[in-house]
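K.L.:
Provided below: input-v5.txt, containing compact mmCIF, C-alpha atoms.
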```
# COMPACT_ATOMS: atom_id res chain seq x y z
CA ALA A 74 54.83 -33.47 12.73
CA THR A 75 53.75 -30.75 15.16
CA GLY A 76 56.31 -30.11 17.87
CA THR A 77 58.55 -27.15 18.68
CA ALA A 78 58.80 -26.74 14.91
CA TRP A 79 56.20 -28.07 12.50
CA VAL A 80 57.56 -30.24 9.70
CA ILE A 81 55.48 -30.69 6.55
CA PHE A 82 56.47 -33.83 4.63
CA LYS A 83 55.27 -35.20 1.29
CA MET A 84 56.57 -38.36 -0.42
CA LEU A 85 57.28 -37.89 -4.15
CA ASN A 86 58.18 -40.16 -7.03
CA LYS A 87 60.68 -37.65 -8.42
CA PRO A 88 62.61 -34.69 -7.01
CA LEU A 89 60.99 -31.26 -7.04
CA LEU A 90 63.58 -28.50 -7.06
CA ASP A 91 62.92 -24.78 -6.83
CA SER A 92 65.80 -22.44 -6.00
CA LYS A 93 63.42 -19.58 -5.16
CA ARG A 94 61.21 -21.58 -2.78
CA PHE A 95 64.03 -23.66 -1.30
CA PHE A 96 62.27 -27.01 -1.23
CA ALA A 97 64.22 -29.41 0.97
CA ILE A 98 64.43 -32.76 -0.81
CA GLU A 99 65.72 -36.03 0.63
CA ARG A 100 66.12 -39.27 -1.32
CA PHE A 101 64.73 -42.48 0.18
CA SER A 102 65.57 -45.85 -1.28
CA ILE A 103 64.78 -49.09 0.51
CA LYS A 104 65.25 -51.96 -1.92
CA ASP A 105 62.27 -54.14 -2.82
CA SER A 106 59.74 -51.89 -1.07
CA ASP A 107 57.29 -49.15 -1.92
CA MET A 108 59.96 -46.72 -0.67
CA GLU A 109 62.50 -47.59 -3.37
CA ASP A 110 63.69 -44.55 -5.32
CA LYS A 111 61.39 -42.08 -3.55
CA PHE A 112 61.96 -38.47 -2.59
CA GLY A 113 60.73 -36.58 0.45
CA LEU A 114 59.71 -32.92 0.19
CA ILE A 115 60.16 -31.13 3.50
CA TYR A 116 59.04 -27.70 4.70
CA SER A 117 59.34 -26.35 8.23
CA ILE A 118 57.54 -23.75 10.32
CA GLN A 119 60.37 -23.19 12.78
CA ALA A 120 58.60 -21.45 15.65
CA ALA A 121 55.22 -23.22 15.57
CA GLY A 122 54.91 -25.04 18.89
CA ALA A 123 57.69 -22.76 20.13
CA SER A 124 55.33 -19.78 19.78
CA LEU A 125 52.90 -21.30 22.26
CA ARG A 126 55.74 -22.24 24.59
CA TRP A 127 57.01 -18.65 24.42
CA PHE A 128 53.57 -17.26 25.20
CA ALA A 129 52.98 -19.75 28.03
CA THR A 130 56.34 -19.34 29.76
CA MET A 131 57.49 -15.83 28.89
CA VAL A 132 54.18 -13.94 28.78
CA MET A 133 51.82 -15.89 31.05
CA ASN A 134 54.64 -17.07 33.34
CA LEU A 135 53.39 -20.66 33.31
CA GLU A 136 55.72 -23.56 34.04
CA ASN A 137 55.40 -24.99 30.53
CA GLU A 138 53.07 -25.13 27.52
CA LYS A 139 51.29 -28.18 28.95
CA LYS A 140 49.76 -25.90 31.57
CA LEU A 141 48.52 -23.67 28.77
CA PHE A 142 46.99 -26.60 26.87
CA LYS A 143 45.16 -27.56 30.07
CA LEU A 144 43.74 -24.04 30.34
CA LEU A 145 42.67 -24.19 26.70
CA ASP A 146 40.97 -27.57 27.14
CA ASP A 147 39.10 -26.18 30.16
CA ASN A 148 37.88 -23.24 28.05
CA ILE A 149 37.15 -25.08 24.83
CA ARG A 150 33.65 -23.59 24.38
CA LYS A 151 34.89 -20.03 24.81
CA ILE A 152 37.72 -20.58 22.33
CA LYS A 153 35.40 -22.06 19.71
CA GLY A 154 33.26 -18.92 19.94
CA ILE A 155 36.16 -16.51 19.42
CA LYS A 156 36.09 -14.81 16.02
CA ASN A 157 38.11 -11.63 15.76
CA ASN A 158 40.60 -9.85 13.52
CA ILE A 159 43.71 -10.48 15.63
CA VAL A 160 46.50 -11.70 13.38
CA PHE A 161 49.68 -13.34 14.66
CA TYR A 162 52.80 -13.73 12.53
CA PRO A 163 54.79 -16.75 13.84
CA TYR A 164 58.23 -15.39 13.08
CA LEU A 165 59.90 -15.55 16.50
CA THR A 166 62.99 -17.00 14.80
CA GLY A 167 62.44 -15.35 11.42
CA ALA A 168 60.27 -16.46 8.51
CA TYR A 169 61.07 -19.81 6.95
CA GLY A 170 59.05 -21.69 4.30
CA PRO A 171 57.78 -20.33 2.01
CA ASP A 172 59.04 -16.80 2.77
CA PHE A 173 62.64 -17.44 3.84
CA ASP A 174 63.33 -14.05 5.38
CA SER A 175 65.34 -14.30 8.59
CA SER A 176 64.86 -10.56 9.26
CA ARG A 177 61.09 -10.85 9.77
CA LYS A 178 59.82 -10.59 13.34
CA ALA A 179 56.78 -12.00 15.11
CA SER A 180 53.91 -9.67 15.89
CA PHE A 181 50.24 -9.34 16.78
CA LEU A 182 47.96 -7.03 14.82
CA ASN A 183 44.53 -5.61 15.74
CA VAL A 184 44.72 -6.26 19.48
CA GLU A 185 42.18 -4.26 21.50
CA ILE A 186 41.68 -3.58 25.20
CA GLY A 187 38.85 -6.11 25.49
CA HIS A 188 40.97 -9.04 24.28
CA ASN A 189 42.37 -11.58 26.72
CA TYR A 190 44.84 -14.45 26.66
CA LEU A 191 42.37 -16.79 24.97
CA ASP A 192 42.06 -14.37 22.04
CA LEU A 193 45.84 -14.16 21.73
CA VAL A 194 46.46 -17.90 22.04
CA LYS A 195 43.85 -18.67 19.39
CA ALA A 196 45.49 -16.06 17.15
CA ILE A 197 48.83 -17.86 17.60
CA MET A 198 47.25 -21.17 16.56
CA GLU A 199 45.59 -19.48 13.60
CA GLY A 200 48.80 -17.72 12.54
CA ILE A 201 50.63 -21.03 12.31
CA GLY A 202 47.68 -22.42 10.34
CA PHE A 203 47.89 -19.47 7.94
CA GLN A 204 51.60 -20.09 7.44
CA LEU A 205 50.76 -23.71 6.63
CA LYS A 206 48.14 -22.47 4.15
CA LYS A 207 50.83 -20.38 2.43
CA ILE A 208 52.99 -23.49 2.09
CA LEU A 209 50.08 -25.46 0.65
CA ALA A 210 49.50 -22.69 -1.90
CA VAL A 211 53.10 -22.98 -3.10
CA LEU A 212 52.78 -26.75 -3.38
CA ALA A 213 49.54 -26.33 -5.33
CA GLU A 214 51.46 -24.25 -7.88
CA LYS A 215 53.63 -27.34 -8.39
CA GLY A 216 50.62 -29.61 -8.82
CA ILE A 217 50.67 -31.02 -5.28
CA ARG A 218 47.18 -30.78 -3.78
CA PRO A 219 46.64 -33.05 -0.76
CA LYS A 220 43.11 -34.17 0.06
CA SER A 221 43.94 -34.54 3.74
CA ILE A 222 46.77 -33.92 6.21
CA LYS A 223 48.05 -36.33 8.85
CA MET A 224 48.80 -34.35 12.00
CA THR A 225 51.03 -35.98 14.63
CA GLY A 226 53.02 -34.76 17.61
CA GLY A 227 52.11 -32.36 20.39
CA GLY A 228 49.82 -30.15 18.32
CA ALA A 229 47.66 -33.14 17.41
CA LYS A 230 46.91 -33.73 21.10
CA SER A 231 45.09 -30.41 21.37
CA LYS A 232 41.30 -30.48 21.40
CA ILE A 233 41.07 -27.29 19.34
CA TRP A 234 44.18 -26.88 17.16
CA PRO A 235 43.42 -29.66 14.61
CA LYS A 236 39.92 -28.14 14.18
CA ILE A 237 41.45 -24.73 13.49
CA ILE A 238 43.85 -26.23 10.94
CA ALA A 239 40.97 -28.09 9.24
CA ASP A 240 38.95 -24.88 8.96
CA ILE A 241 41.87 -22.80 7.68
CA THR A 242 43.04 -25.32 5.06
CA ASN A 243 39.54 -26.65 4.22
CA LEU A 244 41.04 -30.16 4.40
CA ASP A 245 40.36 -33.20 6.55
CA ILE A 246 42.94 -33.36 9.35
CA LEU A 247 43.77 -36.90 10.41
CA VAL A 248 44.85 -37.20 14.05
CA PRO A 249 45.96 -40.37 15.88
CA GLU A 250 43.37 -42.29 17.88
CA ASN A 251 46.14 -42.91 20.40
CA LYS A 252 47.39 -39.42 21.26
CA ASP A 253 50.44 -40.77 23.10
CA GLU A 254 51.74 -42.72 20.11
CA ASP A 255 55.39 -42.06 19.24
CA PHE A 256 55.64 -42.20 15.46
CA ALA A 257 59.39 -41.64 15.25
CA THR A 258 59.99 -44.64 17.50
CA LYS A 259 57.48 -46.76 15.61
CA GLY A 260 59.12 -45.89 12.28
CA ALA A 261 62.55 -46.79 13.67
CA VAL A 262 61.19 -50.14 14.91
CA ILE A 263 59.70 -50.96 11.49
CA LEU A 264 62.94 -50.12 9.66
CA ALA A 265 65.13 -51.98 12.16
CA SER A 266 62.85 -55.02 12.09
CA TYR A 267 62.95 -55.07 8.31
CA GLY A 268 66.74 -54.83 8.38
CA ALA A 269 66.91 -57.68 10.91
CA LYS A 270 64.54 -59.73 8.68
CA ILE A 271 61.85 -59.87 11.36
CA PHE A 272 59.53 -58.39 8.76
CA SER A 273 59.83 -59.55 5.16
CA SER A 274 58.98 -56.05 3.91
CA ILE A 275 58.38 -52.48 5.06
CA GLU A 276 54.73 -52.98 4.13
CA GLU A 277 54.44 -56.00 6.44
CA GLY A 278 55.89 -54.01 9.33
CA TYR A 279 53.59 -51.09 8.67
CA GLY A 280 50.61 -53.44 8.46
CA LYS A 281 51.39 -55.06 11.81
CA LEU A 282 52.12 -51.77 13.56
CA LYS A 283 49.62 -49.65 11.66
CA SER A 284 48.30 -46.57 13.44
CA GLU A 285 44.63 -45.66 13.57
CA PHE A 286 43.57 -42.13 12.69
CA LYS A 287 40.33 -40.19 12.95
CA ALA A 288 39.29 -37.37 10.66
CA ILE A 289 38.63 -33.82 11.83
CA ARG A 290 36.51 -32.28 9.09
CA PRO A 291 36.30 -28.56 8.26
CA ASN A 292 33.27 -26.53 9.32
CA GLN A 293 32.23 -24.60 6.21
CA GLU A 294 31.01 -21.58 8.17
CA ASN A 295 34.45 -21.32 9.78
CA VAL A 296 36.15 -21.97 6.42
CA LYS A 297 34.52 -18.82 5.04
CA PHE A 298 35.57 -16.81 8.08
CA TYR A 299 39.18 -17.95 7.72
CA GLU A 300 39.25 -17.26 4.00
CA ASN A 301 38.61 -13.60 4.84
CA LYS A 302 41.00 -13.57 7.78
CA PHE A 303 43.74 -15.14 5.65
CA LYS A 304 43.51 -12.07 3.40
CA LEU A 305 44.37 -9.94 6.44
CA PHE A 306 47.32 -12.23 7.17
CA LEU A 307 48.67 -11.76 3.65
CA LYS A 308 48.58 -7.95 3.82
CA HIS A 309 51.70 -7.66 6.00
```
Show the structure stored in the file as structure tokens.
P.N.:
Amino acid sequence: ATGTAWVIFKMLNKPLLDSKRFFAIERFSIKDSDMEDKFGLIYSIQAAGASLRWFATMVMNLENEKKLFKLLDDNIRKIKGIKNNIVFYPYLTGAYGPDFDSSRKASFLNVEIGHNYLDLVKAIMEGIGFQLKKILAVLAEKGIRPKSIKMTGGGAKSKIWPKIIADITNLDILVPENKDEDFATKGAVILASYGAKIFSSIEEGYGKLKSEFKAIRPNQENVKFYENKFKLFLKH
């Protein structure tokens, strides 16, 4: 889910505990369903969407981040062509997963006089993608290697951000066909309907209210660029 904070969620068949990496684990158990005796692994990038809101309102003096997204959509070709060494560390509220260091601060590196707001905004989007890549690397150490990522929430509505995430992670990013779909509400409806015996199972409810997704595939030329830029990100 990509809102003020980004929440990374993975359903597991057994708990995965790591005191050094601080995996957040929640138990799910809905009797007689595919969700019986399951566990949810949760990571969070606390200041993900909040970083763009900060830049839009506090730096650019815009009314809200929606105004910024409109500017980005209007300049989509320029943004796609931006390839520089600006690195943004999204630690406006400290570093959470997988670093867990509340003393870390946000910063830009390698900013030059010729850079403008489009360069900086793309760097913010990339920095959050790099933090996600760090989380995926930790999960890979535990044998969890997703083949794709479902991206929902405000970030998924962007015309450029899912493409950046696909290129950084080298994974297919699945975004909703209906960008205004509210997944939290839909999930609550499915669970409530199952509890009220409107649906005979969670699976029936999901099948009747199933969401359609489209895949954003990585561009291999950009993947190579981001592999090198990720090395810069890891240096500090």
K.L.:
For atom CA of Leu193 of chain A and atom CA of Phe181 of chain A, quote the distance in Å rounded to one decimal.
P.N.:
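Taking atom CA of Leu193 of chain A as the start and atom CA of Phe181 of chain A as the end point, the length is 8.2 Å.
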K.L.:
Around the point (53.0, -33.2, 15.2) (coordinates from the file), which residues reach within 9 Å if we count all atoms listed in the file? Answer as an NGL selection string.
P.N.:
:A and (74-80 or 223-230)
K.L.:
Please provide as a list in words all residues within 10 Å of Lys156 of chain A, with the sequence filter that same-chain residues fewer than 6 positions apart are discarded (counting all atoms listed in the file).
P.N.:
Asp192, Lys195, Ala196, Asn295, Phe298, Tyr299 and Lys302 of chain A
K.L.:
List as a PyMOL selection string the residues having at least one atom at most 10 Å from position (53.0, -26.6, 9.6) as given in the file, counting all atoms listed in the file.
P.N.:
chain A and resi 74-76+78-82+116-122+170+201-209+224+228+238
K.L.:
Which distance in Å separates atom CA of Met131 of chain A and atom CA of Leu182 of chain A, to one decimal?
P.N.:
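Those two atoms sit 19.1 Å apart.
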K.L.:
Given all atoms listed in the file, how would the per-residue table for segment 217-258 of chain A near segment 284-289 of chain A read, listing every residue at most 6 Å away with its closest atom pair and distance in Å to one decimal, sorted by chain and number, as JSON lines?
P.N.:
```
{"residue": "A:Asp245", "atom": "CA", "partner": "A:Ile289", "partner_atom": "CA", "distance": 5.6}
{"residue": "A:Ile246", "atom": "CA", "partner": "A:Ile289", "partner_atom": "CA", "distance": 5.0}
{"residue": "A:Leu247", "atom": "CA", "partner": "A:Ala288", "partner_atom": "CA", "distance": 4.5}
{"residue": "A:Val248", "atom": "CA", "partner": "A:Phe286", "partner_atom": "CA", "distance": 5.3}
{"residue": "A:Pro249", "atom": "CA", "partner": "A:Phe286", "partner_atom": "CA", "distance": 4.4}
{"residue": "A:Glu250", "atom": "CA", "partner": "A:Phe286", "partner_atom": "CA", "distance": 5.2}
```
K.L.:
Report as JSON the centre and the edge lengths, in Å to one decimal, of the axis-aligned box holding every listed atom of segment 171-177 of chain A, padded by 8 Å on each side.
P.N.:
```
{"center_x": 61.6, "center_y": -15.4, "center_z": 5.9, "size_x": 23.6, "size_y": 25.8, "size_z": 23.8}
```
K.L.:
Need to verify the contact set: Phe306 of chain A, 8 Å, only C-alpha atoms, exclusion of same-chain residues closer than 5 positions in sequence. Can you return it as a short mmCIF file (atom, residue, chain, number, x, y, z; two decimals) with C-alpha atoms, in the coordinates of the input?
P.N.:
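Contents of the output file out-v3.cif:
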```
data_model
loop_
_atom_site.label_atom_id
_atom_site.label_comp_id
_atom_site.auth_asym_id
_atom_site.auth_seq_id
_atom_site.Cartn_x
_atom_site.Cartn_y
_atom_site.Cartn_z
CA VAL A 160 46.50 -11.70 13.38
CA PHE A 161 49.68 -13.34 14.66
CA TYR A 162 52.80 -13.73 12.53
CA GLY A 200 48.80 -17.72 12.54
CA PHE A 203 47.89 -19.47 7.94
#
```
K.L.:
Using only C-alpha atoms for the distances, tell me which of A:Leu85, A:Val194, A:Val132, A:Ile237 is nearest to Glu109 of chain A.
P.N.:
A:Leu85
